[in-house]
file final.cif (mmCIF, C-alpha atoms)
data_target
loop_
_atom_site.group_PDB
_atom_site.id
_atom_site.type_symbol
_atom_site.label_atom_id
_atom_site.label_comp_id
_atom_site.auth_asym_id
_atom_site.auth_seq_id
_atom_site.Cartn_x
_atom_site.Cartn_y
_atom_site.Cartn_z
ATOM 1 C CA MET M 1 0.000 0.000 0.000
ATOM 2 C CA SER M 2 1.444 3.387 -0.991
ATOM 3 C CA SER M 3 1.554 6.347 1.370
ATOM 4 C CA SER M 4 -1.211 8.003 -0.642
ATOM 5 C CA GLU M 5 -3.450 5.007 0.007
ATOM 6 C CA ARG M 6 -2.858 4.885 3.766
ATOM 7 C CA PRO M 7 -5.659 6.027 6.108
ATOM 8 C CA ALA M 8 -5.511 9.651 7.205
ATOM 9 C CA ASP M 9 -4.318 8.662 10.667
ATOM 10 C CA GLY M 10 -1.329 6.852 9.143
ATOM 11 C CA SER M 11 -2.318 3.383 10.419
ATOM 12 C CA GLU M 12 -2.014 0.275 8.240
ATOM 13 C CA SER M 13 -5.270 -1.014 6.671
ATOM 14 C CA ARG M 14 -6.131 -4.570 5.822
ATOM 15 C CA VAL M 15 -9.183 -3.489 3.750
ATOM 16 C CA PRO M 16 -8.596 -4.142 0.022
ATOM 17 C CA ARG M 17 -9.493 -1.697 -2.691
ATOM 18 C CA PRO M 18 -13.104 -2.237 -3.870
ATOM 19 C CA PRO M 19 -13.163 -4.106 -7.179
ATOM 20 C CA HIS M 20 -14.498 -2.594 -10.406
ATOM 21 C CA PRO M 21 -18.271 -3.224 -10.652
ATOM 22 C CA GLN M 22 -17.994 -4.823 -14.128
ATOM 23 C CA GLU M 23 -14.369 -5.357 -15.126
ATOM 24 C CA ARG M 24 -11.813 -7.858 -13.854
ATOM 25 C CA ARG M 25 -8.062 -7.449 -13.962
ATOM 26 C CA GLU M 26 -7.793 -11.100 -14.999
ATOM 27 C CA PRO M 27 -10.616 -12.678 -17.049
ATOM 28 C CA LEU M 28 -12.378 -15.745 -15.726
ATOM 29 C CA PRO M 29 -11.816 -19.124 -17.416
ATOM 30 C CA GLY M 30 -14.308 -19.627 -20.204
ATOM 31 C CA HIS M 31 -14.282 -16.072 -21.478
ATOM 32 C CA LEU M 32 -13.090 -17.525 -24.790
ATOM 33 C CA PRO M 33 -14.281 -20.755 -26.452
ATOM 34 C CA LYS M 34 -12.088 -23.845 -26.408
ATOM 35 C CA PRO M 35 -9.352 -23.284 -29.022
ATOM 36 C CA ASN M 36 -9.239 -25.382 -32.182
ATOM 37 C CA HIS M 37 -5.643 -26.367 -31.622
ATOM 38 C CA GLU M 38 -6.786 -28.343 -28.559
ATOM 39 C CA ASP M 39 -9.727 -29.946 -30.397
ATOM 40 C CA PRO M 40 -10.318 -29.227 -34.117
ATOM 41 C CA GLY M 41 -14.083 -29.814 -33.762
ATOM 42 C CA ALA M 42 -14.568 -27.656 -30.648
ATOM 43 C CA ALA M 43 -15.524 -24.406 -32.353
ATOM 44 C CA GLU M 44 -18.203 -26.063 -34.498
ATOM 45 C CA ARG M 45 -19.738 -27.777 -31.478
ATOM 46 C CA VAL M 46 -19.749 -24.533 -29.471
ATOM 47 C CA GLU M 47 -21.567 -22.776 -32.332
ATOM 48 C CA ALA M 48 -24.181 -25.539 -32.333
ATOM 49 C CA ILE M 49 -24.704 -25.056 -28.587
ATOM 50 C CA LEU M 50 -25.044 -21.286 -28.931
ATOM 51 C CA ALA M 51 -27.573 -21.714 -31.754
ATOM 52 C CA SER M 52 -29.729 -24.173 -29.815
ATOM 53 C CA PRO M 53 -33.073 -22.831 -28.446
ATOM 54 C CA SER M 54 -32.247 -24.395 -25.092
ATOM 55 C CA TYR M 55 -29.327 -21.970 -24.664
ATOM 56 C CA ARG M 56 -31.474 -18.845 -25.051
ATOM 57 C CA GLN M 57 -32.000 -16.952 -21.828
ATOM 58 C CA ALA M 58 -35.570 -17.715 -20.737
ATOM 59 C CA ASP M 59 -36.815 -14.105 -20.562
ATOM 60 C CA GLY M 60 -35.574 -13.478 -24.115
ATOM 61 C CA ASP M 61 -36.799 -16.739 -25.637
ATOM 62 C CA LEU M 62 -40.049 -15.813 -27.383
ATOM 63 C CA ASP M 63 -40.696 -19.380 -28.544
ATOM 64 C CA PHE M 64 -40.432 -20.604 -24.963
ATOM 65 C CA LEU M 65 -42.609 -17.793 -23.607
ATOM 66 C CA ALA M 66 -45.275 -18.547 -26.234
ATOM 67 C CA GLY M 67 -45.551 -22.187 -25.164
ATOM 68 C CA TYR M 68 -48.558 -23.814 -23.504
ATOM 69 C CA GLU M 69 -46.687 -24.420 -20.252
ATOM 70 C CA THR M 70 -45.700 -20.757 -19.809
ATOM 71 C CA ARG M 71 -49.247 -19.375 -20.048
ATOM 72 C CA GLY M 72 -49.194 -18.486 -16.350
ATOM 73 C CA VAL M 73 -46.128 -16.294 -16.880
ATOM 74 C CA ARG M 74 -47.777 -14.578 -19.846
ATOM 75 C CA LEU M 75 -50.903 -13.891 -17.809
ATOM 76 C CA GLN M 76 -48.785 -12.295 -15.100
ATOM 77 C CA ILE M 77 -46.871 -9.965 -17.395
ATOM 78 C CA ASP M 78 -50.014 -9.143 -19.426
ATOM 79 C CA TYR M 79 -51.434 -7.820 -16.158
ATOM 80 C CA LEU M 80 -48.287 -6.282 -14.685
ATOM 81 C CA LYS M 81 -47.015 -4.075 -17.512
ATOM 82 C CA PRO M 82 -50.158 -1.874 -17.827
ATOM 83 C CA GLU M 83 -50.497 -1.822 -14.040
ATOM 84 C CA LEU M 84 -47.009 -0.367 -13.594
ATOM 85 C CA HIS M 85 -47.313 2.135 -16.445
ATOM 86 C CA MET M 86 -50.658 3.508 -15.301
ATOM 87 C CA ALA M 87 -49.370 3.856 -11.750
ATOM 88 C CA LYS M 88 -46.316 5.680 -13.080
ATOM 89 C CA HIS M 89 -48.541 8.161 -14.935
ATOM 90 C CA GLY M 90 -50.894 8.706 -12.004
ATOM 91 C CA VAL M 91 -53.961 7.087 -13.585
ATOM 92 C CA VAL M 92 -56.043 6.124 -10.547
ATOM 93 C CA ASP M 93 -59.660 6.600 -11.734
ATOM 94 C CA THR M 94 -61.051 6.052 -15.209
ATOM 95 C CA VAL M 95 -64.186 6.497 -17.273
ATOM 96 C CA VAL M 96 -64.517 3.637 -19.745
ATOM 97 C CA VAL M 97 -66.060 4.250 -23.156
ATOM 98 C CA PHE M 98 -67.216 1.454 -25.467
ATOM 99 C CA GLY M 99 -68.887 1.635 -28.862
ATOM 100 C CA SER M 100 -68.755 0.459 -32.429
ATOM 101 C CA THR M 101 -65.539 0.597 -34.435
ATOM 102 C CA ARG M 102 -67.744 1.111 -37.511
ATOM 103 C CA ILE M 103 -69.352 4.397 -36.445
ATOM 104 C CA VAL M 104 -67.012 6.936 -38.012
ATOM 105 C CA GLU M 105 -66.931 10.718 -37.979
ATOM 106 C CA PRO M 106 -69.626 12.420 -40.079
ATOM 107 C CA ALA M 107 -67.300 13.523 -42.902
ATOM 108 C CA SER M 108 -66.059 9.964 -43.400
ATOM 109 C CA ALA M 109 -69.595 8.600 -43.174
ATOM 110 C CA ARG M 110 -70.779 11.006 -45.884
ATOM 111 C CA SER M 111 -67.844 10.070 -48.091
ATOM 112 C CA ARG M 112 -68.599 6.370 -47.707
ATOM 113 C CA LEU M 113 -72.265 6.967 -48.460
ATOM 114 C CA GLU M 114 -71.407 8.771 -51.693
ATOM 115 C CA LYS M 115 -69.238 5.839 -52.747
ATOM 116 C CA ALA M 116 -72.033 3.390 -51.907
ATOM 117 C CA ARG M 117 -74.474 5.440 -54.015
ATOM 118 C CA LYS M 118 -72.113 5.406 -56.993
ATOM 119 C CA ASP M 119 -71.523 1.675 -56.603
ATOM 120 C CA PHE M 120 -75.264 1.004 -56.492
ATOM 121 C CA ALA M 121 -75.906 3.231 -59.516
ATOM 122 C CA ARG M 122 -73.297 1.246 -61.426
ATOM 123 C CA GLU M 123 -74.209 -2.280 -60.268
ATOM 124 C CA GLN M 124 -77.920 -2.209 -59.277
ATOM 125 C CA SER M 125 -77.315 -5.462 -57.362
ATOM 126 C CA ALA M 126 -78.850 -6.668 -54.100
ATOM 127 C CA ALA M 127 -75.440 -6.598 -52.437
ATOM 128 C CA ALA M 128 -74.849 -2.998 -53.535
ATOM 129 C CA ARG M 129 -78.333 -2.023 -52.316
ATOM 130 C CA GLU M 130 -77.603 -3.543 -48.908
ATOM 131 C CA LYS M 131 -74.276 -1.710 -48.642
ATOM 132 C CA LEU M 132 -76.036 1.536 -49.534
ATOM 133 C CA ALA M 133 -78.651 1.011 -46.827
ATOM 134 C CA ILE M 134 -75.956 0.285 -44.241
ATOM 135 C CA ALA M 135 -73.974 3.370 -45.283
ATOM 136 C CA GLU M 136 -77.115 5.465 -44.803
ATOM 137 C CA ARG M 137 -77.645 4.078 -41.299
ATOM 138 C CA ILE M 138 -74.002 4.602 -40.373
ATOM 139 C CA LEU M 139 -74.315 8.251 -41.428
ATOM 140 C CA GLU M 140 -77.411 8.571 -39.225
ATOM 141 C CA LYS M 141 -75.399 7.258 -36.268
ATOM 142 C CA SER M 142 -72.248 9.258 -37.045
ATOM 143 C CA HIS M 143 -73.398 12.022 -34.688
ATOM 144 C CA TYR M 144 -72.507 9.638 -31.863
ATOM 145 C CA TYR M 145 -68.859 10.087 -32.888
ATOM 146 C CA GLU M 146 -69.201 13.782 -32.111
ATOM 147 C CA VAL M 147 -70.990 13.061 -28.820
ATOM 148 C CA ALA M 148 -68.193 10.677 -27.778
ATOM 149 C CA ARG M 149 -65.572 13.243 -28.759
ATOM 150 C CA GLU M 150 -67.307 15.970 -26.729
ATOM 151 C CA PHE M 151 -67.608 13.612 -23.780
ATOM 152 C CA GLY M 152 -63.909 12.730 -23.957
ATOM 153 C CA ALA M 153 -63.096 16.442 -23.814
ATOM 154 C CA LEU M 154 -65.320 16.963 -20.755
ATOM 155 C CA VAL M 155 -63.669 14.127 -18.854
ATOM 156 C CA GLY M 156 -60.221 15.189 -20.025
ATOM 157 C CA ALA M 157 -60.752 18.761 -18.835
ATOM 158 C CA ALA M 158 -61.783 17.481 -15.399
ATOM 159 C CA GLY M 159 -59.005 14.946 -15.165
ATOM 160 C CA ASP M 160 -56.245 16.587 -13.113
ATOM 161 C CA ARG M 161 -56.239 15.777 -9.411
ATOM 162 C CA PRO M 162 -53.969 16.703 -6.510
ATOM 163 C CA GLU M 163 -50.559 15.025 -6.308
ATOM 164 C CA GLY M 164 -50.452 14.212 -10.009
ATOM 165 C CA GLN M 165 -53.379 11.792 -9.963
ATOM 166 C CA ARG M 166 -55.712 11.722 -12.941
ATOM 167 C CA LEU M 167 -59.190 10.774 -14.027
ATOM 168 C CA ALA M 168 -58.675 9.415 -17.520
ATOM 169 C CA ILE M 169 -60.736 8.223 -20.459
ATOM 170 C CA VAL M 170 -60.123 4.542 -21.235
ATOM 171 C CA THR M 171 -61.130 2.856 -24.490
ATOM 172 C CA GLY M 172 -60.166 -0.238 -26.414
ATOM 173 C CA GLY M 173 -57.784 1.943 -28.390
ATOM 174 C CA GLY M 174 -59.385 1.208 -31.750
ATOM 175 C CA PRO M 175 -61.272 3.268 -34.351
ATOM 176 C CA GLY M 176 -64.840 4.558 -34.376
ATOM 177 C CA ILE M 177 -66.389 5.535 -31.046
ATOM 178 C CA MET M 178 -63.211 4.603 -29.179
ATOM 179 C CA GLU M 179 -61.187 6.929 -31.377
ATOM 180 C CA ALA M 180 -63.699 9.707 -30.774
ATOM 181 C CA ALA M 181 -63.429 9.483 -26.973
ATOM 182 C CA ASN M 182 -59.626 9.415 -27.046
ATOM 183 C CA ARG M 183 -59.685 12.270 -29.534
ATOM 184 C CA GLY M 184 -61.810 14.425 -27.240
ATOM 185 C CA ALA M 185 -59.279 14.035 -24.448
ATOM 186 C CA PHE M 186 -56.507 14.779 -26.926
ATOM 187 C CA ASP M 187 -58.307 17.957 -28.007
ATOM 188 C CA VAL M 188 -57.995 19.402 -24.484
ATOM 189 C CA GLY M 189 -54.436 18.212 -23.922
ATOM 190 C CA ALA M 190 -55.401 15.409 -21.542
ATOM 191 C CA GLN M 191 -53.916 11.952 -21.329
ATOM 192 C CA SER M 192 -56.086 8.971 -22.202
ATOM 193 C CA VAL M 193 -55.639 5.218 -22.198
ATOM 194 C CA GLY M 194 -56.045 2.661 -24.977
ATOM 195 C CA LEU M 195 -56.255 -1.054 -24.198
ATOM 196 C CA ASN M 196 -55.655 -2.704 -27.556
ATOM 197 C CA ILE M 197 -55.705 -6.446 -28.231
ATOM 198 C CA THR M 198 -53.620 -8.564 -30.578
ATOM 199 C CA LEU M 199 -55.738 -10.242 -33.251
ATOM 200 C CA PRO M 200 -54.932 -12.728 -36.022
ATOM 201 C CA ARG M 201 -55.118 -9.849 -38.501
ATOM 202 C CA GLU M 202 -53.122 -6.721 -37.748
ATOM 203 C CA GLN M 203 -54.903 -3.700 -36.316
ATOM 204 C CA PHE M 204 -53.605 -0.272 -35.421
ATOM 205 C CA PRO M 205 -54.372 1.863 -32.362
ATOM 206 C CA ASN M 206 -56.096 5.142 -33.047
ATOM 207 C CA PRO M 207 -53.721 8.137 -33.161
ATOM 208 C CA TYR M 208 -55.214 9.992 -30.187
ATOM 209 C CA VAL M 209 -54.259 7.643 -27.351
ATOM 210 C CA THR M 210 -51.383 8.889 -25.174
ATOM 211 C CA PRO M 211 -48.338 6.915 -26.471
ATOM 212 C CA ASP M 212 -47.136 5.914 -22.997
ATOM 213 C CA LEU M 213 -50.646 4.726 -22.088
ATOM 214 C CA CYS M 214 -51.440 2.556 -25.103
ATOM 215 C CA PHE M 215 -51.146 -1.163 -24.390
ATOM 216 C CA SER M 216 -51.320 -4.291 -26.503
ATOM 217 C CA PHE M 217 -52.831 -7.258 -24.676
ATOM 218 C CA HIS M 218 -52.482 -10.922 -25.512
ATOM 219 C CA TYR M 219 -55.449 -12.040 -23.413
ATOM 220 C CA PHE M 220 -58.969 -10.636 -23.547
ATOM 221 C CA ALA M 221 -59.409 -11.609 -19.891
ATOM 222 C CA LEU M 222 -56.564 -9.377 -18.685
ATOM 223 C CA ARG M 223 -57.741 -6.559 -20.915
ATOM 224 C CA LYS M 224 -61.202 -6.829 -19.357
ATOM 225 C CA LEU M 225 -59.651 -6.724 -15.898
ATOM 226 C CA HIS M 226 -57.868 -3.468 -16.676
ATOM 227 C CA PHE M 227 -61.024 -1.955 -18.164
ATOM 228 C CA LEU M 228 -62.790 -2.250 -14.811
ATOM 229 C CA LEU M 229 -59.955 -2.163 -12.291
ATOM 230 C CA ARG M 230 -60.043 1.648 -11.958
ATOM 231 C CA ALA M 231 -63.423 2.344 -13.586
ATOM 232 C CA ARG M 232 -65.665 4.950 -11.974
ATOM 233 C CA ALA M 233 -68.177 4.838 -14.828
ATOM 234 C CA LEU M 234 -68.933 2.913 -18.006
ATOM 235 C CA VAL M 235 -70.411 4.618 -21.055
ATOM 236 C CA ALA M 236 -71.668 2.396 -23.881
ATOM 237 C CA PHE M 237 -72.441 3.921 -27.265
ATOM 238 C CA PRO M 238 -74.206 1.939 -30.001
ATOM 239 C CA GLY M 239 -72.055 -1.036 -30.889
ATOM 240 C CA GLY M 240 -71.844 -4.683 -31.787
ATOM 241 C CA TYR M 241 -70.525 -7.879 -30.240
ATOM 242 C CA GLY M 242 -67.530 -6.272 -28.536
ATOM 243 C CA THR M 243 -69.624 -3.528 -26.958
ATOM 244 C CA PHE M 244 -72.253 -6.034 -25.826
ATOM 245 C CA ASP M 245 -69.567 -8.278 -24.382
ATOM 246 C CA GLU M 246 -68.100 -5.560 -22.180
ATOM 247 C CA LEU M 247 -71.485 -4.096 -21.259
ATOM 248 C CA PHE M 248 -73.100 -7.358 -20.162
ATOM 249 C CA GLU M 249 -70.011 -8.504 -18.311
ATOM 250 C CA THR M 250 -70.092 -5.257 -16.312
ATOM 251 C CA LEU M 251 -73.823 -5.539 -15.693
ATOM 252 C CA THR M 252 -73.320 -9.093 -14.426
ATOM 253 C CA LEU M 253 -70.482 -8.093 -12.114
ATOM 254 C CA VAL M 254 -72.542 -5.249 -10.645
ATOM 255 C CA GLN M 255 -75.726 -7.367 -10.442
ATOM 256 C CA THR M 256 -73.865 -10.001 -8.418
ATOM 257 C CA ARG M 257 -71.903 -7.331 -6.493
ATOM 258 C CA LYS M 258 -68.698 -8.985 -7.549
ATOM 259 C CA ILE M 259 -67.591 -5.384 -8.092
ATOM 260 C CA ALA M 260 -68.900 -2.252 -6.409
ATOM 261 C CA PRO M 261 -71.773 -0.612 -8.319
ATOM 262 C CA LEU M 262 -70.783 2.125 -10.752
ATOM 263 C CA PRO M 263 -72.768 4.294 -13.156
ATOM 264 C CA ILE M 264 -73.515 2.562 -16.462
ATOM 265 C CA VAL M 265 -74.835 4.854 -19.183
ATOM 266 C CA LEU M 266 -76.243 3.671 -22.513
ATOM 267 C CA VAL M 267 -76.005 6.427 -25.097
ATOM 268 C CA GLY M 268 -78.761 6.457 -27.695
ATOM 269 C CA GLU M 269 -82.001 5.234 -26.116
ATOM 270 C CA SER M 270 -83.706 4.399 -29.400
ATOM 271 C CA TYR M 271 -80.816 2.133 -30.401
ATOM 272 C CA TRP M 272 -80.459 0.386 -27.078
ATOM 273 C CA ARG M 273 -84.183 -0.212 -26.491
ATOM 274 C CA ARG M 274 -84.336 -2.065 -29.782
ATOM 275 C CA ALA M 275 -81.017 -3.902 -29.320
ATOM 276 C CA PHE M 276 -81.577 -4.835 -25.668
ATOM 277 C CA ASP M 277 -85.117 -5.264 -24.334
ATOM 278 C CA VAL M 278 -84.589 -5.181 -20.570
ATOM 279 C CA ASP M 279 -88.333 -4.990 -19.896
ATOM 280 C CA PHE M 280 -88.788 -8.301 -21.699
ATOM 281 C CA LEU M 281 -86.163 -9.912 -19.438
ATOM 282 C CA VAL M 282 -87.929 -8.581 -16.331
ATOM 283 C CA ASP M 283 -91.341 -9.722 -17.580
ATOM 284 C CA GLU M 284 -89.948 -13.176 -18.342
ATOM 285 C CA GLY M 285 -88.620 -13.425 -14.800
ATOM 286 C CA VAL M 286 -84.996 -14.034 -15.810
ATOM 287 C CA ILE M 287 -83.780 -10.864 -14.078
ATOM 288 C CA ALA M 288 -85.200 -8.915 -11.146
ATOM 289 C CA ALA M 289 -87.008 -5.602 -11.519
ATOM 290 C CA GLU M 290 -84.211 -3.856 -9.607
ATOM 291 C CA ASP M 291 -81.718 -4.964 -12.271
ATOM 292 C CA ARG M 292 -83.435 -2.516 -14.595
ATOM 293 C CA GLU M 293 -81.942 0.251 -12.435
ATOM 294 C CA LEU M 294 -78.324 -0.759 -13.013
ATOM 295 C CA PHE M 295 -78.140 1.557 -16.036
ATOM 296 C CA TRP M 296 -79.889 4.472 -17.681
ATOM 297 C CA TYR M 297 -79.978 6.256 -21.024
ATOM 298 C CA ALA M 298 -78.489 9.544 -22.210
ATOM 299 C CA GLU M 299 -78.151 11.430 -25.477
ATOM 300 C CA THR M 300 -75.631 14.256 -25.152
ATOM 301 C CA ALA M 301 -72.115 14.591 -23.795
ATOM 302 C CA GLU M 302 -73.184 17.133 -21.190
ATOM 303 C CA GLN M 303 -76.013 14.893 -20.022
ATOM 304 C CA ILE M 304 -73.741 11.846 -19.708
ATOM 305 C CA TRP M 305 -71.149 13.738 -17.672
ATOM 306 C CA ARG M 306 -73.707 15.491 -15.486
ATOM 307 C CA ASP M 307 -75.519 12.225 -14.726
ATOM 308 C CA ILE M 308 -72.298 10.374 -13.843
ATOM 309 C CA ARG M 309 -71.272 13.100 -11.433
ATOM 310 C CA CYS M 310 -74.773 13.168 -9.918
ATOM 311 C CA TRP M 311 -74.635 9.384 -9.334
ATOM 312 C CA HIS M 312 -71.308 9.684 -7.509
ATOM 313 C CA GLU M 313 -72.526 12.603 -5.407
ATOM 314 C CA ARG M 314 -75.530 10.533 -4.332
ATOM 315 C CA ALA M 315 -73.143 7.687 -3.496
ATOM 316 C CA GLY M 316 -71.120 10.072 -1.313
ATOM 317 C CA LYS M 317 -68.030 9.758 -3.507
ATOM 318 C CA PRO M 318 -67.762 12.859 -5.717
ATOM 319 C CA LEU M 319 -65.967 12.064 -8.955
ATOM 320 C CA ALA M 320 -64.334 15.355 -9.886
ATOM 321 C CA PRO M 321 -64.161 18.971 -8.715
#

call {"tool": "encode", "arguments": {"input": "final.cif", "output": "structure tokens"}}
result
Amino acid sequence: MSSSERPADGSESRVPRPPHPQERREPLPGHLPKPNHEDPGAAERVEAILASPSYRQADGDLDFLAGYETRGVRLQIDYLKPELHMAKHGVVDTVVVFGSTRIVEPASARSRLEKARKDFAREQSAAAREKLAIAERILEKSHYYEVAREFGALVGAAGDRPEGQRLAIVTGGGPGIMEAANRGAFDVGAQSVGLNITLPREQFPNPYVTPDLCFSFHYFALRKLHFLLRARALVAFPGGYGTFDELFETLTLVQTRKIAPLPIVLVGESYWRRAFDVDFLVDEGVIAAEDRELFWYAETAEQIWRDIRCWHERAGKPLAP
């Protein structure tokens, strides 16, 4: 030990110098493969070992992670990644918006209708007539895109809480009504969440979801969990199978009190009364009369937001300032 390395009091020290955190002065055995001059076939055999799937580190082996036996691990990380990211960004309460991917903004709906009219004028076929009729009905429902966009802006504007916590719009991250709700939050500079799902055919998230809060799920079940884990309200616009799936799952969970009751708003009474006849279910005795009160109808963005806040005030848990 040199004099410059001695303790300040001049005494001898038996404590060695701390080693470098990564480097060694002398490499460990095995830092190079067995040389060919010791065994001419060694290098080829080492390459075969390195190329074998068994040698891949488990957390980087996508084939291994995609196997049947590792499903439990995939379920865990499908849950954990969004959980950590939303906590990091202060997302503690959410308003979930569902609705059809096929209900587009009015300008797009008009453009598609014009194309359908030209196609029908050219073909005069039954298929072209059906497409024209559907395009007309989509245009009639396109105002719901604007309602969802306005609603997203209302929630986004009310989203900031003390200590960086946020009330955020959550959608499935896709087009149509989901895009509209995310877009409304985007319009007012608010963050919003998109819970996308991998499908056999590629799909893209809509461009209005906050990049750090857009997630791609492998499992529908874990996606459903994250839809409701922080939900303070569910708003269902006219939609198809996917919208019905999420709506009825939520109604069942609230009916059975598997989750705490939350406001469930169906936007577009004329659509929903035809698509879902709750009075028929009550009359048939397959649900109780009180189950009719698990949801209500609304038409405008202001009405939806006002009613949700009123519900929470009555419950003694105000939703936003």

call {"tool": "resolve_selection", "arguments": {"input": "final.cif", "expression": "the PyMOL selection byres ((chain M and resi 302) around 12)", "output": "JSON list (two decimals) with C-alpha atoms, in the frame of the given file"}}
result
[["chain", "number", "residue", "atom", "x", "y", "z"],
["M", 147, "VAL", "CA", -70.99, 13.06, -28.82],
["M", 148, "ALA", "CA", -68.19, 10.68, -27.78],
["M", 149, "ARG", "CA", -65.57, 13.24, -28.76],
["M", 150, "GLU", "CA", -67.31, 15.97, -26.73],
["M", 151, "PHE", "CA", -67.61, 13.61, -23.78],
["M", 152, "GLY", "CA", -63.91, 12.73, -23.96],
["M", 153, "ALA", "CA", -63.10, 16.44, -23.81],
["M", 154, "LEU", "CA", -65.32, 16.96, -20.76],
["M", 155, "VAL", "CA", -63.67, 14.13, -18.85],
["M", 267, "VAL", "CA", -76.00, 6.43, -25.10],
["M", 298, "ALA", "CA", -78.49, 9.54, -22.21],
["M", 299, "GLU", "CA", -78.15, 11.43, -25.48],
["M", 300, "THR", "CA", -75.63, 14.26, -25.15],
["M", 301, "ALA", "CA", -72.11, 14.59, -23.80],
["M", 303, "GLN", "CA", -76.01, 14.89, -20.02],
["M", 304, "ILE", "CA", -73.74, 11.85, -19.71],
["M", 305, "TRP", "CA", -71.15, 13.74, -17.67],
["M", 306, "ARG", "CA", -73.71, 15.49, -15.49],
["M", 307, "ASP", "CA", -75.52, 12.22, -14.73],
["M", 308, "ILE", "CA", -72.30, 10.37, -13.84],
["M", 309, "ARG", "CA", -71.27, 13.10, -11.43]]

call {"tool": "resolve_selection", "arguments": {"input": "final.cif", "expression": "the PyMOL selection byres ((chain M and resi 113) around 9)", "output": "PyMOL selection string"}}
result
chain M and resi 108-112+114-118+131-136+138-139

call {"tool": "atom_distance", "arguments": {"input": "final.cif", "atom1": "atom CA of Gly72 of chain M", "atom2": "atom CA of Ser52 of chain M"}}
result
24.3 Å

call {"tool": "closest_residue", "arguments": {"input": "final.cif", "among": "M:Arg102, M:His218, M:Lys258, M:Arg230", "to": "Val73 of chain M", "atoms": "only C-alpha atoms"}}
result
M:His218

call {"tool": "residues_near_point", "arguments": {"input": "final.cif", "point": "(-54.0, -7.5, -33.6)", "cutoff": "12 Å", "atoms": "only C-alpha atoms", "output": "JSON, numbers by chain"}}
result
{"M": [172, 173, 174, 195, 196, 197, 198, 199, 200, 201, 202, 203, 204, 205, 215, 216, 217, 218, 219, 220]}

call {"tool": "resolve_selection", "arguments": {"input": "final.cif", "expression": "the PyMOL selection byres ((chain M and resi 22-33) around 10)", "output": "PyMOL selection string"}}
result
chain M and resi 19-21+34-36+42-43+46-47
